[in-house]
>>> print(open('coords_33.cif').read())   # mmCIF, C-alpha atoms
data_work
loop_
_atom_site.label_atom_id
_atom_site.label_comp_id
_atom_site.auth_asym_id
_atom_site.auth_seq_id
_atom_site.Cartn_x
_atom_site.Cartn_y
_atom_site.Cartn_z
CA MET K 8 49.97 187.49 109.07
CA ALA K 9 52.74 189.18 111.06
CA LYS K 10 52.17 189.60 114.77
CA ASP K 11 52.70 192.95 116.45
CA TRP K 12 55.26 191.65 118.92
CA TRP K 13 57.44 190.01 116.27
CA LEU K 14 60.83 191.52 115.56
CA TYR K 15 61.94 188.81 113.13
CA HIS K 16 59.71 188.24 110.10
CA GLY K 17 62.05 186.44 107.70
CA THR K 18 61.15 188.80 104.87
CA GLY K 19 63.98 191.36 104.98
CA GLU K 20 63.72 195.14 105.04
CA GLY K 21 63.56 195.22 108.82
CA ALA K 22 65.11 198.60 109.63
CA ASP K 23 62.12 199.65 111.74
CA ARG K 24 62.09 196.30 113.53
CA ARG K 25 65.84 196.52 114.15
CA ALA K 26 65.23 199.90 115.80
CA ARG K 27 62.63 198.26 118.04
CA LEU K 28 65.12 195.49 118.81
CA GLU K 29 67.80 197.98 119.83
CA ALA K 30 65.43 200.12 121.91
CA GLY K 31 63.52 197.29 123.58
CA PRO K 32 64.26 196.87 127.30
CA PRO K 33 65.82 193.55 128.30
CA PRO K 34 64.45 191.39 131.11
CA PRO K 35 65.89 192.60 134.44
CA TRP K 36 67.98 189.44 134.72
CA ARG K 37 69.50 189.98 131.24
CA ARG K 38 70.84 193.49 131.69
CA PHE K 39 74.54 193.99 131.06
CA ASN K 40 76.68 197.08 131.53
CA GLY K 41 79.53 196.83 129.04
CA VAL K 42 80.92 200.13 127.77
CA PRO K 43 81.53 200.26 123.99
CA ASP K 44 84.89 201.32 122.60
CA PRO K 45 84.05 204.57 120.74
CA GLU K 46 86.75 203.85 118.18
CA TYR K 47 85.47 200.36 117.33
CA ALA K 48 82.90 200.02 114.55
CA PRO K 49 81.56 196.50 113.93
CA PRO K 50 81.01 195.55 110.28
CA GLY K 51 77.71 196.75 108.87
CA CYS K 52 75.53 195.75 105.95
CA GLU K 53 78.15 196.05 103.25
CA GLY K 54 81.23 194.25 101.99
CA LYS K 55 81.94 190.65 101.02
CA ALA K 56 81.11 189.10 104.40
CA TRP K 57 77.70 190.80 104.46
CA ARG K 58 76.92 189.72 100.89
CA GLN K 59 77.64 186.11 101.85
CA THR K 60 75.37 186.41 104.87
CA SER K 61 72.52 188.11 103.02
CA GLU K 62 72.65 185.77 100.01
CA ARG K 63 72.35 182.75 102.27
CA GLY K 64 69.79 184.26 104.62
CA ALA K 65 67.48 185.67 101.94
CA GLY K 66 66.47 182.21 100.76
CA TYR K 67 65.21 180.95 104.12
CA VAL K 68 61.45 180.45 104.45
CA PRO K 69 60.33 180.34 108.12
CA ASP K 70 56.95 179.07 109.26
CA GLU K 71 54.83 180.88 111.84
CA PRO K 72 55.84 178.52 114.70
CA GLU K 73 59.51 179.15 113.89
CA LYS K 74 58.96 182.91 113.97
CA ASP K 75 57.24 182.62 117.34
CA VAL K 76 60.19 180.78 118.88
CA VAL K 77 62.87 182.99 117.29
CA ASN K 78 61.13 186.13 118.51
CA THR K 79 60.80 184.63 121.97
CA ALA K 80 64.58 184.20 122.09
CA LEU K 81 65.10 187.76 120.82
CA HIS K 82 62.85 189.29 123.47
CA LEU K 83 64.28 187.18 126.30
CA ARG K 84 67.86 187.64 125.01
CA ARG K 85 68.54 183.96 125.40
CA PRO K 86 70.46 181.55 123.14
CA LEU K 87 68.34 179.68 120.58
CA LEU K 88 69.02 175.92 120.44
CA VAL K 89 67.87 174.61 117.04
CA THR K 90 67.56 170.85 116.59
CA GLY K 91 66.60 168.75 113.60
CA LYS K 92 67.97 166.36 111.02
CA PRO K 93 70.77 167.45 108.68
CA GLY K 94 69.62 169.61 105.79
CA VAL K 95 66.49 171.15 107.30
CA GLY K 96 67.99 174.66 107.48
CA LYS K 97 69.20 174.97 111.08
CA SER K 98 72.35 176.91 110.23
CA THR K 99 70.62 178.99 107.56
CA LEU K 100 68.20 180.30 110.18
CA ALA K 101 71.05 182.28 111.79
CA TYR K 102 71.79 183.95 108.46
CA SER K 103 68.10 184.67 107.99
CA ILE K 104 67.91 186.48 111.33
CA ALA K 105 70.97 188.59 110.51
CA THR K 106 69.64 189.41 107.04
CA ASP K 107 66.09 190.17 108.14
CA LEU K 108 67.16 192.60 110.87
CA GLY K 109 70.31 193.96 109.22
CA LEU K 110 72.64 192.86 112.03
CA GLY K 111 75.79 192.51 109.97
CA PRO K 112 77.76 189.40 108.96
CA VAL K 113 77.14 186.23 110.95
CA LEU K 114 79.96 185.15 113.25
CA HIS K 115 80.47 181.42 112.63
CA TRP K 116 81.93 179.07 115.25
CA PRO K 117 82.05 175.47 113.93
CA ILE K 118 82.31 172.88 116.70
CA THR K 119 84.32 169.65 116.66
CA SER K 120 85.14 167.05 119.32
CA ARG K 121 88.36 168.96 120.10
CA THR K 122 86.75 172.39 120.54
CA VAL K 123 87.10 174.04 123.95
CA LEU K 124 85.54 177.23 125.29
CA ARG K 125 88.67 179.32 124.83
CA ASP K 126 88.65 178.60 121.09
CA GLY K 127 85.48 180.64 120.83
CA LEU K 128 86.53 183.38 123.25
CA TYR K 129 90.05 184.27 122.13
CA LEU K 130 93.24 182.94 120.55
CA TYR K 131 96.67 183.60 122.09
CA ASP K 132 99.95 182.70 120.36
CA ALA K 133 102.11 182.27 123.44
CA VAL K 134 104.94 180.59 121.48
CA GLY K 135 105.16 183.49 119.04
CA ARG K 136 105.31 186.00 121.87
CA LEU K 137 108.01 184.00 123.66
CA GLN K 138 110.08 183.99 120.47
CA GLU K 139 109.70 187.75 120.21
CA ALA K 140 110.88 188.13 123.81
CA GLY K 141 114.02 186.16 122.95
CA LEU K 142 114.69 188.30 119.89
CA GLU K 143 114.26 191.46 121.96
CA GLN K 144 117.11 190.33 124.22
CA LEU K 145 119.41 189.61 121.29
CA ARG K 146 118.64 192.82 119.39
CA PRO K 147 121.38 195.52 119.59
CA PRO K 148 120.34 198.77 121.33
CA GLY K 149 118.55 201.14 118.94
CA ALA K 150 117.81 198.44 116.32
CA ALA K 151 114.33 198.30 114.84
CA PRO K 152 112.11 195.46 116.08
CA ALA K 153 111.89 192.51 113.74
CA ALA K 154 108.60 191.35 112.27
CA PRO K 155 107.12 188.22 113.88
CA SER K 156 108.57 185.08 112.30
CA ALA K 157 107.47 181.48 112.32
CA ALA K 158 111.12 180.35 112.47
CA PRO K 159 112.34 179.20 115.91
CA ALA K 160 114.37 181.75 117.84
CA PRO K 161 116.79 181.06 120.71
CA VAL K 162 115.32 181.97 124.06
CA THR K 163 117.44 182.45 127.18
CA ASP K 164 115.82 183.91 130.29
CA PRO K 165 113.48 186.23 128.33
CA ALA K 166 112.94 189.63 129.88
CA PRO K 167 109.37 190.88 130.35
CA VAL K 168 107.85 192.25 127.16
CA THR K 169 105.96 195.52 127.19
CA ALA K 170 102.20 195.13 127.32
CA PRO K 171 101.36 196.54 123.85
CA SER K 172 103.37 193.79 122.13
CA ILE K 173 100.87 191.19 123.27
CA SER K 174 98.22 192.62 120.97
CA ARG K 175 99.97 191.15 117.93
CA TYR K 176 99.54 187.66 119.33
CA LEU K 177 96.03 187.84 120.71
CA SER K 178 92.70 188.04 118.88
CA LEU K 179 89.08 187.45 119.82
CA GLY K 180 87.26 184.37 118.59
CA PRO K 181 83.68 184.34 117.25
CA LEU K 182 82.08 184.12 120.71
CA GLY K 183 84.43 186.75 122.14
CA THR K 184 83.68 189.11 119.24
CA ALA K 185 79.92 188.61 119.65
CA LEU K 186 80.22 189.59 123.33
CA LEU K 187 81.88 192.95 122.64
CA PRO K 188 79.82 195.78 124.13
CA GLN K 189 77.64 197.50 121.54
CA ASP K 190 74.09 198.75 121.22
CA ARG K 191 73.17 196.37 118.41
CA PRO K 192 73.57 192.60 118.82
CA ARG K 193 75.68 190.46 116.51
CA VAL K 194 74.45 187.06 115.34
CA LEU K 195 76.64 184.14 116.42
CA LEU K 196 76.19 180.69 114.89
CA VAL K 197 77.55 177.89 117.11
CA ASP K 198 77.35 175.08 114.57
CA GLU K 199 76.82 171.43 115.56
CA ILE K 200 77.35 171.80 119.30
CA ASP K 201 76.28 168.17 119.74
CA LYS K 202 79.69 167.18 118.29
CA SER K 203 81.52 168.94 121.15
CA ASP K 204 83.38 167.49 124.08
CA ILE K 205 81.04 166.66 126.95
CA ASP K 206 82.27 169.67 128.97
CA LEU K 207 81.65 172.47 126.43
CA PRO K 208 77.91 173.03 127.06
CA GLY K 209 78.59 173.31 130.79
CA ASP K 210 81.52 175.65 130.20
CA LEU K 211 79.25 177.95 128.18
CA LEU K 212 76.82 178.41 131.08
CA THR K 213 78.82 181.08 132.89
CA VAL K 214 79.46 183.03 129.70
CA PHE K 215 75.76 182.93 128.77
CA GLU K 216 74.71 184.03 132.26
CA GLU K 217 77.28 186.78 132.77
CA GLY K 218 77.47 187.98 129.19
CA GLY K 219 81.24 188.35 129.39
CA PHE K 220 84.60 186.82 130.24
CA VAL K 221 88.14 187.70 131.32
CA ILE K 222 91.30 187.33 129.25
CA PRO K 223 93.90 186.36 131.92
CA GLU K 224 96.86 187.30 129.72
CA LEU K 225 95.58 190.90 129.58
CA ALA K 226 94.34 191.03 133.17
CA ARG K 227 97.88 190.26 134.42
CA LEU K 228 99.18 193.27 132.48
CA ALA K 229 96.43 195.66 133.58
CA LYS K 230 98.71 197.74 135.85
CA GLN K 231 101.31 198.22 133.11
CA SER K 232 98.83 198.85 130.31
CA PRO K 233 95.15 198.87 131.27
CA THR K 234 93.92 199.16 127.67
CA VAL K 235 95.24 196.91 124.88
CA PRO K 236 94.01 196.77 121.26
CA VAL K 237 93.29 193.28 119.92
CA GLY K 238 91.94 191.88 116.68
CA THR K 239 88.46 190.42 116.29
CA ALA K 240 86.97 187.48 114.41
CA ASP K 241 86.08 189.94 111.64
CA GLY K 242 89.80 190.31 110.83
CA LEU K 243 92.95 191.54 112.52
CA ASP K 244 92.43 195.00 111.02
CA ALA K 245 89.18 195.32 113.00
CA THR K 246 90.77 196.06 116.34
CA VAL K 247 89.00 196.86 119.58
CA ARG K 248 90.45 198.15 122.84
CA ILE K 249 90.06 195.80 125.81
CA LYS K 250 90.32 197.36 129.28
CA ASP K 251 91.78 195.38 132.20
CA GLY K 252 91.32 192.16 130.24
CA ASN K 253 87.51 192.25 130.64
CA VAL K 254 85.02 191.73 127.82
CA GLN K 255 81.46 192.50 128.90
CA CYS K 256 78.55 192.76 126.48
CA ARG K 257 76.04 195.59 126.51
CA TYR K 258 73.45 193.81 124.39
CA PHE K 259 73.51 190.02 124.56
CA PRO K 260 74.19 188.62 121.09
CA VAL K 261 71.73 186.58 119.06
CA VAL K 262 73.21 183.12 119.65
CA VAL K 263 71.98 180.27 117.45
CA LEU K 264 73.23 176.82 118.48
CA THR K 265 72.53 173.95 116.10
CA SER K 266 72.34 170.25 116.96
CA ASN K 267 71.70 167.16 114.85
CA GLY K 268 70.54 165.30 117.95
CA GLU K 269 73.65 163.16 118.34
CA ARG K 270 73.71 163.70 122.12
CA ASP K 271 71.67 165.01 125.03
CA PHE K 272 72.48 168.20 126.92
CA PRO K 273 72.43 168.78 130.69
CA PRO K 274 69.27 170.35 132.14
CA ALA K 275 71.20 173.42 133.34
CA PHE K 276 72.24 174.13 129.74
CA LEU K 277 68.77 173.54 128.33
CA ARG K 278 67.24 175.84 130.95
CA ARG K 279 69.25 178.74 129.60
CA CYS K 280 68.20 178.19 125.99
CA VAL K 281 65.02 178.70 124.00
CA ARG K 282 64.52 175.50 122.01
CA LEU K 283 63.28 175.10 118.45
CA HIS K 284 62.92 171.81 116.57
CA LEU K 285 62.79 171.95 112.77
CA ASP K 286 60.99 169.17 110.95
CA ALA K 287 61.58 168.30 107.31
CA PRO K 288 59.57 170.70 105.10
CA GLY K 289 56.30 169.48 103.63
CA PRO K 290 54.96 170.10 100.09
CA ASP K 291 53.70 173.64 100.75
CA LYS K 292 56.93 174.82 102.35
CA LEU K 293 59.03 173.15 99.65
CA ALA K 294 57.02 175.03 97.03
CA ARG K 295 57.74 178.33 98.81
CA ILE K 296 61.45 177.51 99.16
CA VAL K 297 61.79 176.65 95.48
CA ARG K 298 59.93 179.79 94.48
CA ARG K 299 62.09 182.04 96.65
CA ARG K 300 65.45 180.41 95.92
CA LEU K 301 65.08 179.59 92.21
CA GLY K 302 62.06 181.58 91.02
CA VAL K 303 60.28 178.40 89.93
CA ASP K 304 56.57 177.89 90.56
CA ILE K 305 56.13 174.15 90.88
CA GLU K 306 52.34 174.50 90.91
CA THR K 307 52.32 175.71 87.31
CA ASP K 308 55.34 173.84 85.95
CA GLU K 309 54.63 170.12 85.87
CA GLU K 310 58.25 169.02 85.31
CA TYR K 311 59.48 170.66 88.50
CA GLY K 312 56.37 169.66 90.42
CA GLU K 313 57.19 166.08 89.52
CA LEU K 314 60.69 166.53 90.98
CA VAL K 315 59.20 167.70 94.28
CA ARG K 316 56.89 164.69 94.38
CA ALA K 317 59.84 162.37 93.66
CA PHE K 318 61.80 164.06 96.45
CA LEU K 319 58.97 163.52 98.95
CA ASP K 320 58.52 159.89 97.87
CA ARG K 321 62.21 159.12 98.28
CA ALA K 322 62.27 160.90 101.65
CA GLU K 323 59.96 158.20 103.02
CA ASP K 324 62.79 155.65 102.71
CA GLY K 325 65.54 157.77 104.27
CA ASP K 326 66.49 161.34 105.11
CA LEU K 327 67.08 163.86 102.33
CA ALA K 328 68.22 167.49 102.56
CA THR K 329 66.29 170.33 100.99
CA ASP K 330 69.33 171.47 99.05
CA GLN K 331 69.29 168.13 97.21
CA LEU K 332 65.93 169.12 95.73
CA LEU K 333 67.28 172.57 94.86
CA ASN K 334 70.28 170.93 93.16
CA ALA K 335 67.95 168.73 91.10
CA ILE K 336 65.84 171.66 89.93
CA GLN K 337 68.95 173.75 89.19
CA LEU K 338 70.32 170.95 87.00
CA ARG K 339 67.07 170.71 85.08
CA LEU K 340 67.01 174.48 84.62
CA ALA K 341 70.47 174.15 83.05
CA GLY K 342 69.24 171.40 80.71
CA ALA K 343 71.18 168.62 82.42
CA TRP K 344 69.83 165.06 82.74
CA SER K 345 66.87 165.94 80.51
CA ALA K 346 66.81 162.83 78.33
CA PRO K 347 63.70 160.67 78.96
CA GLY K 348 65.76 157.62 79.94
CA ASP K 349 67.85 159.53 82.49
CA ARG K 350 65.16 159.97 85.15
CA ASP K 351 66.03 157.11 87.50
CA ARG K 352 69.81 157.61 87.28
CA PHE K 353 69.30 161.34 87.73
CA LEU K 354 67.29 160.87 90.94
CA ASP K 355 69.76 158.30 92.27
CA THR K 356 72.61 160.76 91.66
CA VAL K 357 71.21 163.96 93.14
CA MET K 358 68.86 162.54 95.79
CA GLN K 359 71.01 160.00 97.59
CA HIS K 360 69.70 159.17 101.06
CA LEU K 361 71.56 160.56 104.05
CA THR K 362 70.25 157.82 106.36
CA GLY K 363 68.55 154.48 105.90
CA PRO K 364 69.51 151.21 104.20
CA THR K 365 70.43 152.87 100.87
CA ALA K 366 72.57 155.69 102.33
#
>>> encode(input="coords_33.cif", output="structure tokens")
Amino acid sequence: MAKDWWLYHGTGEGADRRARLEAGPPPPWRRFNGVPDPEYAPPGCEGKAWRQTSERGAGYVPDEPEKDVVNTALHLRRPLLVTGKPGVGKSTLAYSIATDLGLGPVLHWPITSRTVLRDGLYLYDAVGRLQEAGLEQLRPPGAAPAAPSAAPAPVTDPAPVTAPSISRYLSLGPLGTALLPQDRPRVLLVDEIDKSDIDLPGDLLTVFEEGGFVIPELARLAKQSPTVPVGTADGLDATVRIKDGNVQCRYFPVVVLTSNGERDFPPAFLRRCVRLHLDAPGPDKLARIVRRRLGVDIETDEEYGELVRAFLDRAEDGDLATDQLLNAIQLRLAGAWSAPGDRDRFLDTVMQHLTGPTA
């Protein structure tokens, strides 16, 4: 039974709930005053990127406790930190939120041990711009500017380049794009933040609290050109005008951070997040997932019910991912591995443990 205060249901068709999301007042401490660029239109619920988001998000089956926590984060406009073992659906939850509320394609920021905060905020090709400055000095008067080239160019005391030229070498990252001022939030997936350098969670604190950041390369040029168009993480053709180098959100994005539990986070970081732990799905939830994703009712089809029982039995000896069960059922639907003597080899092939002595 849906609760009146819920915005996210996980069932789709949430246009009325999206309107409530957009109109709902934020907590006083989460109000931001960014001014949208009237010429910038974020991607909507159409196109290839949206189809990829909706196809992935439509198959997610949230439980009531998950809905409670997700809606808490939506109302408080706080990041959602989702923990759990690999394969339980942490990343897919972000796509489910975007699909359910029609918030456009998910912005994906995968984290590695080399990721730093600026990777998520913006990318600046300083070398490319320096090469262009050198070419500008060598170009005869009246000649047309050359297209940017990856080939090295001689540089001798480069003269200052006009401010608009920087836009070709600067683009917003996933986090920077999510923080653009607009009346409807974007969904940002910060995937596997526990793999990051030890400093990244702390570096994110200021951005999460202030809902914005400064691009120094543009701020230094503010007097020459206060407004500069730059590309976004949705593609270089999706440009937005940045004024005085400042990016300030109007509606804090829906930030979903996933963690496999490979490290602990500082209390200051945890305090700014709403936390959700996902356990491995039990028999009832597995039945609902299989029904929604593959249209198979394991309660009435004994062959597929037996696969679910085998999956649960094997999960007692080591971690398994839900998509391994879906792969097994998909293979059987296609007629693969259907010979009576194939059962054990089939299970060993498609349900290999992710952890444990047999992994």
>>> residues_around(input="coords_33.cif", residues="K:Glu53", least_positions_apart="3", cutoff="12 Å", atoms="only C-alpha atoms", output="VMD selection string")
chain K and resid 49 to 50 56 to 61 106 109 to 112
>>> residues_around(input="coords_33.cif", residues="stretch 229-236 of chain K", least_positions_apart="3", cutoff="7 Å", atoms="only C-alpha atoms", output="JSON, numbers by chain")
{"K": [170, 171, 174, 225, 226, 246, 247, 248, 249, 250, 251]}
>>> closest_atom_pairs(input="coords_33.cif", of="stretch 169-209 of chain K", to="stretch 32-39 of chain K", cutoff="12 Å", atoms="all atoms listed in the file", output="JSON lines")
{"residue": "K:Leu186", "atom": "CA", "partner": "K:Phe39", "partner_atom": "CA", "distance": 10.6}
{"residue": "K:Leu187", "atom": "CA", "partner": "K:Phe39", "partner_atom": "CA", "distance": 11.2}
{"residue": "K:Pro188", "atom": "CA", "partner": "K:Phe39", "partner_atom": "CA", "distance": 8.9}
{"residue": "K:Gln189", "atom": "CA", "partner": "K:Phe39", "partner_atom": "CA", "distance": 10.6}
{"residue": "K:Asp190", "atom": "CA", "partner": "K:Phe39", "partner_atom": "CA", "distance": 10.9}
>>> resolve_selection(input="coords_33.cif", expression="the PyMOL selection byres ((chain K and resi 85) around 9)", output="PyMOL selection string")
chain K and resi 37+79-84+86-87+215+259-262+279-281
>>> closest_residue(input="coords_33.cif", among="K:Pro181, K:Gly66, K:Gly96, K:Gly219", to="K:Val113", atoms="all atoms listed in the file")
K:Pro181
>>> closest_residue(input="coords_33.cif", among="K:Ala105, K:Val68, K:Val76, K:Leu301", to="K:Cys52", atoms="all atoms listed in the file")
K:Ala105
>>> closest_residue(input="coords_33.cif", among="K:Leu207, K:Val42, K:Leu177, K:Leu293", to="K:Tyr67", atoms="only C-alpha atoms")
K:Leu293
